[in-house]
>>> print(open('protein-v5.cif').read())   # mmCIF, C-alpha atoms and all ligand atoms
data_start
loop_
_atom_site.label_atom_id
_atom_site.label_comp_id
_atom_site.auth_asym_id
_atom_site.auth_seq_id
_atom_site.Cartn_x
_atom_site.Cartn_y
_atom_site.Cartn_z
CA MET L 266 -55.91 -52.46 113.72
CA PRO L 267 -58.23 -49.84 115.16
CA GLY L 268 -58.11 -47.37 112.22
CA TRP L 269 -59.77 -47.66 108.84
CA PHE L 270 -57.73 -48.30 105.69
CA ILE L 271 -59.11 -47.31 102.27
CA SER L 272 -57.12 -47.65 99.06
CA LEU L 273 -57.93 -45.99 95.73
CA GLU L 274 -57.06 -47.83 92.55
CA GLY L 275 -57.41 -47.52 88.80
CA ILE L 276 -55.58 -46.92 85.56
CA GLU L 277 -53.75 -43.65 84.76
CA GLY L 278 -56.03 -40.62 84.85
CA ALA L 279 -58.88 -42.46 86.60
CA GLY L 280 -59.20 -39.55 89.04
CA LYS L 281 -57.86 -41.23 92.21
CA THR L 282 -55.94 -38.23 93.50
CA THR L 283 -58.82 -35.84 92.83
CA GLN L 284 -61.30 -38.10 94.63
CA MET L 285 -58.92 -38.88 97.51
CA HIS L 286 -58.74 -35.20 98.44
CA LEU L 287 -62.52 -34.73 98.19
CA LEU L 288 -63.02 -37.81 100.35
CA ALA L 289 -60.50 -36.62 102.92
CA ASP L 290 -62.35 -33.28 103.27
CA TRP L 291 -65.71 -35.03 103.56
CA LEU L 292 -64.48 -37.44 106.24
CA GLN L 293 -62.75 -34.65 108.18
CA ARG L 294 -65.96 -32.66 108.22
CA GLN L 295 -67.57 -35.67 109.89
CA GLY L 296 -65.00 -35.60 112.65
CA HIS L 297 -62.54 -38.26 111.45
CA THR L 298 -58.79 -37.80 111.58
CA VAL L 299 -57.66 -38.55 108.04
CA LEU L 300 -54.26 -39.26 106.56
CA THR L 301 -53.77 -39.11 102.79
CA THR L 302 -50.80 -40.91 101.31
CA TRP L 303 -49.68 -42.62 98.12
CA GLU L 304 -47.51 -45.29 96.49
CA PRO L 305 -44.90 -45.18 95.22
CA GLY L 306 -43.34 -42.34 97.19
CA GLY L 307 -45.16 -41.92 100.50
CA THR L 308 -41.90 -41.82 102.52
CA GLU L 309 -38.49 -40.17 102.15
CA LEU L 310 -36.94 -43.38 100.82
CA GLY L 311 -40.07 -43.86 98.73
CA GLN L 312 -39.47 -40.52 96.98
CA SER L 313 -36.11 -41.79 95.73
CA LEU L 314 -37.65 -45.10 94.69
CA ARG L 315 -40.42 -43.22 92.87
CA GLN L 316 -37.82 -41.32 90.84
CA LEU L 317 -36.20 -44.59 89.80
CA LEU L 318 -39.49 -46.33 89.07
CA LEU L 319 -41.20 -43.62 87.05
CA HIS L 320 -38.26 -42.25 85.11
CA HIS L 321 -36.25 -45.33 84.13
CA ARG L 322 -36.98 -48.46 82.18
CA LEU L 323 -36.02 -51.21 84.63
CA PRO L 324 -35.96 -54.99 84.31
CA HIS L 325 -39.38 -56.30 85.38
CA ARG L 326 -38.14 -58.10 88.49
CA THR L 327 -36.22 -55.03 89.60
CA GLU L 328 -39.35 -52.95 89.18
CA LEU L 329 -41.43 -55.45 91.17
CA LEU L 330 -38.95 -55.51 94.04
CA LEU L 331 -38.63 -51.72 94.17
CA TYR L 332 -42.42 -51.35 94.45
CA ALA L 333 -42.29 -53.92 97.26
CA ALA L 334 -39.48 -52.04 99.03
CA ASP L 335 -41.44 -48.80 98.73
CA ARG L 336 -44.53 -50.53 100.21
CA ALA L 337 -42.73 -52.19 103.12
CA THR L 338 -41.20 -48.84 104.11
CA HIS L 339 -44.52 -47.04 103.67
CA ILE L 340 -46.30 -49.53 105.93
CA ALA L 341 -43.68 -49.35 108.68
CA GLU L 342 -43.28 -45.57 108.65
CA VAL L 343 -46.71 -44.27 107.68
CA LEU L 344 -49.59 -46.75 107.45
CA GLN L 345 -49.16 -48.74 110.65
CA PRO L 346 -48.54 -45.73 112.91
CA ALA L 347 -51.62 -43.96 111.48
CA LEU L 348 -53.88 -47.00 111.79
CA GLN L 349 -52.68 -47.68 115.31
CA THR L 350 -53.72 -44.17 116.30
CA HIS L 351 -57.27 -44.67 114.91
CA GLN L 352 -56.85 -42.57 111.79
CA VAL L 353 -58.67 -43.12 108.54
CA VAL L 354 -55.93 -43.77 105.98
CA LEU L 355 -56.60 -42.97 102.33
CA CYS L 356 -53.91 -44.47 100.13
CA ASP L 357 -53.53 -43.66 96.42
CA ARG L 358 -52.54 -47.14 95.10
CA TYR L 359 -51.51 -50.26 97.06
CA THR L 360 -51.05 -53.98 96.35
CA ASP L 361 -53.75 -54.17 93.64
CA SER L 362 -51.60 -51.82 91.53
CA THR L 363 -48.80 -54.38 91.61
CA VAL L 364 -51.15 -57.18 90.54
CA ALA L 365 -52.70 -55.04 87.79
CA TYR L 366 -49.52 -53.38 86.41
CA GLN L 367 -46.73 -55.89 87.02
CA GLY L 368 -49.01 -58.95 86.84
CA TYR L 369 -51.52 -58.20 84.09
CA GLY L 370 -49.69 -55.31 82.41
CA ARG L 371 -46.16 -56.75 82.36
CA GLY L 372 -47.32 -60.39 82.33
CA MET L 373 -45.37 -61.43 85.42
CA ASP L 374 -46.41 -64.57 87.30
CA LEU L 375 -49.41 -63.73 89.53
CA HIS L 376 -48.43 -66.25 92.20
CA LEU L 377 -44.97 -64.67 92.45
CA ILE L 378 -46.59 -61.24 92.77
CA ASP L 379 -48.86 -62.45 95.58
CA GLN L 380 -45.80 -63.81 97.40
CA VAL L 381 -43.90 -60.53 97.03
CA ASN L 382 -46.96 -58.53 98.13
CA THR L 383 -47.32 -60.75 101.21
CA ILE L 384 -43.67 -60.24 102.13
CA ALA L 385 -44.01 -56.48 101.70
CA THR L 386 -47.29 -56.08 103.60
CA GLY L 387 -47.10 -58.81 106.24
CA GLY L 388 -50.79 -59.31 105.38
CA LEU L 389 -51.97 -55.72 105.92
CA MET L 390 -54.82 -55.20 103.46
CA PRO L 391 -57.29 -52.34 103.00
CA ASP L 392 -60.70 -52.54 104.67
CA LEU L 393 -62.12 -51.10 101.46
CA THR L 394 -60.73 -50.50 97.99
CA LEU L 395 -62.37 -47.97 95.67
CA TRP L 396 -61.61 -49.03 92.11
CA LEU L 397 -62.16 -46.01 89.86
CA ASP L 398 -62.93 -47.62 86.54
CA VAL L 399 -62.61 -45.65 83.31
CA PRO L 400 -62.14 -46.75 79.70
CA VAL L 401 -58.45 -46.58 78.77
CA GLU L 402 -59.00 -43.85 76.17
CA VAL L 403 -60.64 -41.62 78.79
CA GLY L 404 -57.95 -42.20 81.45
CA LEU L 405 -55.05 -41.69 79.05
CA ARG L 406 -56.60 -38.56 77.57
CA ARG L 407 -56.88 -37.06 81.06
CA ALA L 408 -53.35 -38.14 82.08
CA ARG L 409 -51.81 -36.99 78.81
CA GLY L 410 -53.65 -33.67 79.03
CA ARG L 411 -51.31 -32.78 81.87
CA GLY L 412 -48.13 -32.88 79.74
CA ASP L 413 -45.03 -34.81 80.90
CA LEU L 414 -45.54 -38.57 80.71
CA ASN L 415 -43.83 -41.02 83.07
CA ALA L 416 -42.41 -44.37 81.90
CA ILE L 417 -45.65 -46.25 82.57
CA GLU L 418 -47.90 -43.64 80.99
CA GLN L 419 -45.83 -44.08 77.81
CA GLU L 420 -46.70 -47.79 77.61
CA SER L 421 -48.97 -48.99 74.78
CA PHE L 422 -52.75 -48.81 74.75
CA ALA L 423 -52.78 -52.65 74.96
CA PHE L 424 -50.70 -52.51 78.16
CA HIS L 425 -53.25 -50.20 79.82
CA GLU L 426 -56.12 -52.41 78.61
CA ARG L 427 -54.47 -55.39 80.33
CA VAL L 428 -54.06 -53.32 83.50
CA ARG L 429 -57.78 -52.50 83.44
CA GLN L 430 -58.57 -56.20 82.91
CA GLY L 431 -56.40 -56.92 85.94
CA TYR L 432 -58.58 -54.65 88.05
CA GLN L 433 -61.70 -56.34 86.66
CA ALA L 434 -60.33 -59.73 87.71
CA LEU L 435 -59.41 -58.46 91.18
CA ALA L 436 -62.87 -56.96 91.71
CA LYS L 437 -64.41 -60.34 90.84
CA GLN L 438 -62.02 -62.14 93.17
CA TYR L 439 -62.55 -59.79 96.16
CA PRO L 440 -66.14 -58.50 95.92
CA GLN L 441 -66.30 -57.64 99.62
CA ARG L 442 -63.16 -55.51 99.60
CA ILE L 443 -63.22 -53.92 96.14
CA CYS L 444 -66.00 -51.53 95.07
CA ARG L 445 -66.16 -50.56 91.41
CA ILE L 446 -66.87 -46.88 90.90
CA ASP L 447 -67.84 -45.70 87.42
CA ALA L 448 -65.26 -42.92 87.10
CA ALA L 449 -65.97 -41.81 83.50
CA SER L 450 -68.43 -39.11 84.48
CA ASP L 451 -67.83 -35.68 86.05
CA VAL L 452 -66.01 -35.25 89.35
CA GLU L 453 -69.13 -34.65 91.49
CA THR L 454 -71.02 -37.66 90.05
CA VAL L 455 -68.02 -39.89 90.76
CA PHE L 456 -67.74 -38.53 94.29
CA LYS L 457 -71.44 -39.21 94.92
CA GLN L 458 -70.85 -42.90 94.15
CA ILE L 459 -67.87 -42.97 96.50
CA ARG L 460 -69.89 -41.49 99.36
CA ALA L 461 -72.62 -44.07 98.71
CA ALA L 462 -70.09 -46.93 98.72
CA ILE L 463 -68.65 -45.77 102.03
CA ALA L 464 -72.03 -45.19 103.65
CA GLY L 465 -73.12 -48.67 102.51
CA ARG L 466 -70.04 -50.21 104.05
CA TRP L 467 -70.59 -48.40 107.34
CA ARG L 468 -74.19 -49.68 107.45
CA GLU L 469 -73.24 -53.27 106.54
CA PRO L 470 -69.54 -53.95 107.08
CA ALA L 471 -69.66 -57.48 105.60
CA SER L 472 -71.63 -56.52 102.48
CA GLU L 473 -70.44 -56.97 98.91
CA CYS L 474 -70.20 -53.99 96.60
CA GLN L 475 -72.85 -54.00 93.89
N1 LIG I 1 -47.41 -48.49 89.85
C1 LIG I 1 -47.69 -48.15 91.14
C2 LIG I 1 -47.09 -49.81 89.51
O1 LIG I 1 -46.80 -50.10 88.35
N2 LIG I 1 -47.07 -50.75 90.49
C3 LIG I 1 -47.36 -50.47 91.81
O2 LIG I 1 -47.32 -51.38 92.67
C4 LIG I 1 -47.67 -49.11 92.15
C5 LIG I 1 -47.99 -48.74 93.57
C6 LIG I 1 -47.74 -44.12 89.74
C7 LIG I 1 -47.38 -45.16 88.71
O3 LIG I 1 -46.83 -46.28 89.36
C8 LIG I 1 -47.39 -47.45 88.82
C9 LIG I 1 -48.76 -47.06 88.32
C10 LIG I 1 -48.58 -45.61 87.92
O4 LIG I 1 -48.26 -45.58 86.55
P1 LIG I 1 -48.53 -41.68 89.53
O5 LIG I 1 -47.89 -40.47 88.94
O6 LIG I 1 -48.75 -41.70 90.99
O7 LIG I 1 -47.68 -42.92 89.11
O8 LIG I 1 -49.78 -41.96 88.63
P2 LIG I 1 -51.28 -42.23 88.92
O9 LIG I 1 -51.49 -42.82 90.27
O10 LIG I 1 -51.83 -42.98 87.78
O11 LIG I 1 -51.82 -40.75 88.95
P3 LIG I 1 -52.56 -39.94 87.87
O12 LIG I 1 -52.43 -38.54 88.38
O13 LIG I 1 -52.15 -40.22 86.47
O14 LIG I 1 -54.03 -40.42 87.95
P4 LIG I 1 -55.14 -40.18 89.00
O15 LIG I 1 -54.63 -39.83 90.34
O16 LIG I 1 -56.06 -41.35 88.90
O17 LIG I 1 -55.93 -38.91 88.38
P5 LIG I 1 -56.03 -37.39 88.87
O18 LIG I 1 -57.01 -37.27 89.94
O19 LIG I 1 -54.66 -36.86 89.08
O20 LIG I 1 -56.66 -36.79 87.56
C11 LIG I 1 -55.95 -36.76 86.35
C12 LIG I 1 -56.46 -35.56 85.50
O21 LIG I 1 -57.84 -35.77 85.19
C13 LIG I 1 -58.66 -34.74 85.75
C14 LIG I 1 -57.81 -34.07 86.83
O22 LIG I 1 -58.18 -32.74 87.01
C15 LIG I 1 -56.42 -34.23 86.27
O23 LIG I 1 -56.12 -33.24 85.35
N3 LIG I 1 -59.86 -35.41 86.29
C16 LIG I 1 -61.04 -35.42 85.64
N4 LIG I 1 -61.42 -34.88 84.48
C17 LIG I 1 -62.72 -35.11 84.10
N5 LIG I 1 -63.63 -35.85 84.85
C18 LIG I 1 -63.26 -36.39 86.02
N6 LIG I 1 -64.14 -37.11 86.72
C19 LIG I 1 -61.92 -36.19 86.46
N7 LIG I 1 -61.23 -36.61 87.55
C20 LIG I 1 -59.97 -36.12 87.44
#
>>> encode(input="protein-v5.cif", output="structure tokens", more="lines below")
Ligand code: T5A
Amino acid sequence: MPGWFISLEGIEGAGKTTQMHLLADWLQRQGHTVLTTWEPGGTELGQSLRQLLLHHRLPHRTELLLYAADRATHIAEVLQPALQTHQVVLCDRYTDSTVAYQGYGRGMDLHLIDQVNTIATGGLMPDLTLWLDVPVEVGLRRARGRGDLNAIEQESFAFHERVRQGYQALAKQYPQRICRIDAASDVETVFKQIRAAIAGRWREPASECQ
């Protein structure tokens, strides 16, 4: 596809949404057409699925399939059209979230998750994934500081530790796609690392993140 696809990943409160908007402004100022979007919920159907997913305790397989349905719709209605028209797409969460949360967090079979992700995406993967890594206590403190907690934010500390370990494993497995960003510091310091990661990738498209 002619556009550029960047996903942002991380545990709750990692700062993905904050950084996605800073990145969108920065890229726009450089003349790029940028689309910001998110999962779950980046389409009209997705909004209904998001309500179900974040406010109900569902059987694990149901949850997995609803995230997949949200993603397949999101790709068909939002991601593919934007990439085909040369836009830079910034997506708050994508397939790595399913591996980290449903796979590592819930303990579902990783091979099954890969199969479901492949069905949902038809193989569409980000050109670059920014993994905003924070210790669980930092992420949860930030997320909980905002008040109302969704079903996943209410999971145990151990659950969120497993999710973080999932991201660590993914970053090891896909060092060319996934860049780890130390997201525990202040907003501007985190954003500086993101700009450096993107500039590095533009200079050397096949390079691994440090
Ligand atoms: N999910 C999703 C799955 O289980 N499987 C899947 O396949 C998918 C796609 C989504 C949930 O769905 C689950 C994972 C999630 O639990 P959501 O409401 O979209 O739910 O939740 P998150 O994506 O986790 O969004 P959050 O808002 O919790 O986290 P963000 O976006 O990482 O953080 P952000 O930017 O909103 O910041 C949180 C707070 O911290 C402050 C912000 O001002 C804000 O108050 N902050 C900082 N404070 C200090 N220093 C910094 N550097 C800061 N950066 C931000």
>>> residues_near_ligand(input="protein-v5.cif", ligand="ligand LIG 1 (chain I)", cutoff="7 Å", atoms="all atoms listed in the file", output="number ranges by chain")
L: 275-284, 304-305, 319, 332, 357-360, 362-363, 366-367, 407-408, 410-411, 417-418, 448-452, 455
>>> residues_around(input="protein-v5.cif", residues="L:Gln312", least_positions_apart="4", cutoff="12 Å", atoms="only C-alpha atoms", output="PDB file with C-alpha atoms, keeping the file's coordinate frame")
ATOM      1  CA  TRP L 303     -49.680 -42.620  98.120  1.00  0.00           C
ATOM      2  CA  GLU L 304     -47.510 -45.290  96.490  1.00  0.00           C
ATOM      3  CA  PRO L 305     -44.900 -45.180  95.220  1.00  0.00           C
ATOM      4  CA  GLY L 306     -43.340 -42.340  97.190  1.00  0.00           C
ATOM      5  CA  GLY L 307     -45.160 -41.920 100.500  1.00  0.00           C
ATOM      6  CA  THR L 308     -41.900 -41.820 102.520  1.00  0.00           C
ATOM      7  CA  GLN L 316     -37.820 -41.320  90.840  1.00  0.00           C
ATOM      8  CA  LEU L 317     -36.200 -44.590  89.800  1.00  0.00           C
ATOM      9  CA  LEU L 318     -39.490 -46.330  89.070  1.00  0.00           C
ATOM     10  CA  LEU L 319     -41.200 -43.620  87.050  1.00  0.00           C
ATOM     11  CA  LEU L 331     -38.630 -51.720  94.170  1.00  0.00           C
ATOM     12  CA  TYR L 332     -42.420 -51.350  94.450  1.00  0.00           C
ATOM     13  CA  ALA L 334     -39.480 -52.040  99.030  1.00  0.00           C
ATOM     14  CA  ASP L 335     -41.440 -48.800  98.730  1.00  0.00           C
ATOM     15  CA  ARG L 336     -44.530 -50.530 100.210  1.00  0.00           C
ATOM     16  CA  THR L 338     -41.200 -48.840 104.110  1.00  0.00           C
ATOM     17  CA  HIS L 339     -44.520 -47.040 103.670  1.00  0.00           C
TER      18      HIS L 339
END
>>> atom_distance(input="protein-v5.cif", atom1="atom CA of L:Gly296", atom2="atom CA of L:Ile271")
16.7 Å
>>> residues_near_point(input="protein-v5.cif", point="(-64.9, -52.8, 92.4)", cutoff="7 Å", atoms="all atoms listed in the file", output="compact mmCIF listing (two decimals) with C-alpha atoms, in the coordinates of the input")
# COMPACT_ATOMS: atom_id res chain seq x y z
CA LEU L 395 -62.37 -47.97 95.67
CA TRP L 396 -61.61 -49.03 92.11
CA ALA L 436 -62.87 -56.96 91.71
CA PRO L 440 -66.14 -58.50 95.92
CA ILE L 443 -63.22 -53.92 96.14
CA CYS L 444 -66.00 -51.53 95.07
CA ARG L 445 -66.16 -50.56 91.41
CA ILE L 446 -66.87 -46.88 90.90
CA CYS L 474 -70.20 -53.99 96.60
>>> residues_around(input="protein-v5.cif", residues="L:Val299", least_positions_apart="4", cutoff="12 Å", atoms="all atoms listed in the file", output="PDB file with C-alpha atoms, in the frame of the given file")
ATOM      1  CA  GLY L 268     -58.110 -47.370 112.220  1.00  0.00           C
ATOM      2  CA  TRP L 269     -59.770 -47.660 108.840  1.00  0.00           C
ATOM      3  CA  PHE L 270     -57.730 -48.300 105.690  1.00  0.00           C
ATOM      4  CA  ILE L 271     -59.110 -47.310 102.270  1.00  0.00           C
ATOM      5  CA  MET L 285     -58.920 -38.880  97.510  1.00  0.00           C
ATOM      6  CA  HIS L 286     -58.740 -35.200  98.440  1.00  0.00           C
ATOM      7  CA  LEU L 287     -62.520 -34.730  98.190  1.00  0.00           C
ATOM      8  CA  LEU L 288     -63.020 -37.810 100.350  1.00  0.00           C
ATOM      9  CA  ALA L 289     -60.500 -36.620 102.920  1.00  0.00           C
ATOM     10  CA  ASP L 290     -62.350 -33.280 103.270  1.00  0.00           C
ATOM     11  CA  TRP L 291     -65.710 -35.030 103.560  1.00  0.00           C
ATOM     12  CA  LEU L 292     -64.480 -37.440 106.240  1.00  0.00           C
ATOM     13  CA  GLN L 293     -62.750 -34.650 108.180  1.00  0.00           C
ATOM     14  CA  ARG L 294     -65.960 -32.660 108.220  1.00  0.00           C
ATOM     15  CA  GLN L 295     -67.570 -35.670 109.890  1.00  0.00           C
ATOM     16  CA  LEU L 344     -49.590 -46.750 107.450  1.00  0.00           C
ATOM     17  CA  ALA L 347     -51.620 -43.960 111.480  1.00  0.00           C
ATOM     18  CA  LEU L 348     -53.880 -47.000 111.790  1.00  0.00           C
ATOM     19  CA  THR L 350     -53.720 -44.170 116.300  1.00  0.00           C
ATOM     20  CA  HIS L 351     -57.270 -44.670 114.910  1.00  0.00           C
ATOM     21  CA  GLN L 352     -56.850 -42.570 111.790  1.00  0.00           C
ATOM     22  CA  VAL L 353     -58.670 -43.120 108.540  1.00  0.00           C
ATOM     23  CA  VAL L 354     -55.930 -43.770 105.980  1.00  0.00           C
ATOM     24  CA  LEU L 355     -56.600 -42.970 102.330  1.00  0.00           C
ATOM     25  CA  CYS L 356     -53.910 -44.470 100.130  1.00  0.00           C
TER      26      CYS L 356
END
>>> atom_distance(input="protein-v5.cif", atom1="atom CA of L:Arg466", atom2="atom CA of L:Glu342")
27.5 Å
>>> residues_around(input="protein-v5.cif", residues="L:Val428", least_positions_apart="2", cutoff="6 Å", atoms="all atoms listed in the file", output="list in words")
Ala365, Tyr366, Tyr369, Gly370, His425, Glu426, Gln430 and Gly431 of chain L
>>> atom_distance(input="protein-v5.cif", atom1="atom CA of L:Glu274", atom2="atom CA of L:Ala341")
21.0 Å
>>> closest_residue(input="protein-v5.cif", among="L:Thr327, L:Ala434, L:Arg442, L:Thr302", to="L:Leu314", atoms="only C-alpha atoms")
L:Thr327
>>> closest_residue(input="protein-v5.cif", among="L:Ala423, L:Leu375, L:Ile459, L:Ala416", to="L:Leu323", atoms="all atoms listed in the file")
L:Ala416
>>> axis_aligned_box(input="protein-v5.cif", around="stretch 278-293 of chain L", padding_each_side="5 Å", output="lines of an AutoDock Vina configuration file")
center_x = -60.8
center_y = -37.9
center_z = 96.5
size_x = 19.8
size_y = 19.2
size_z = 33.3
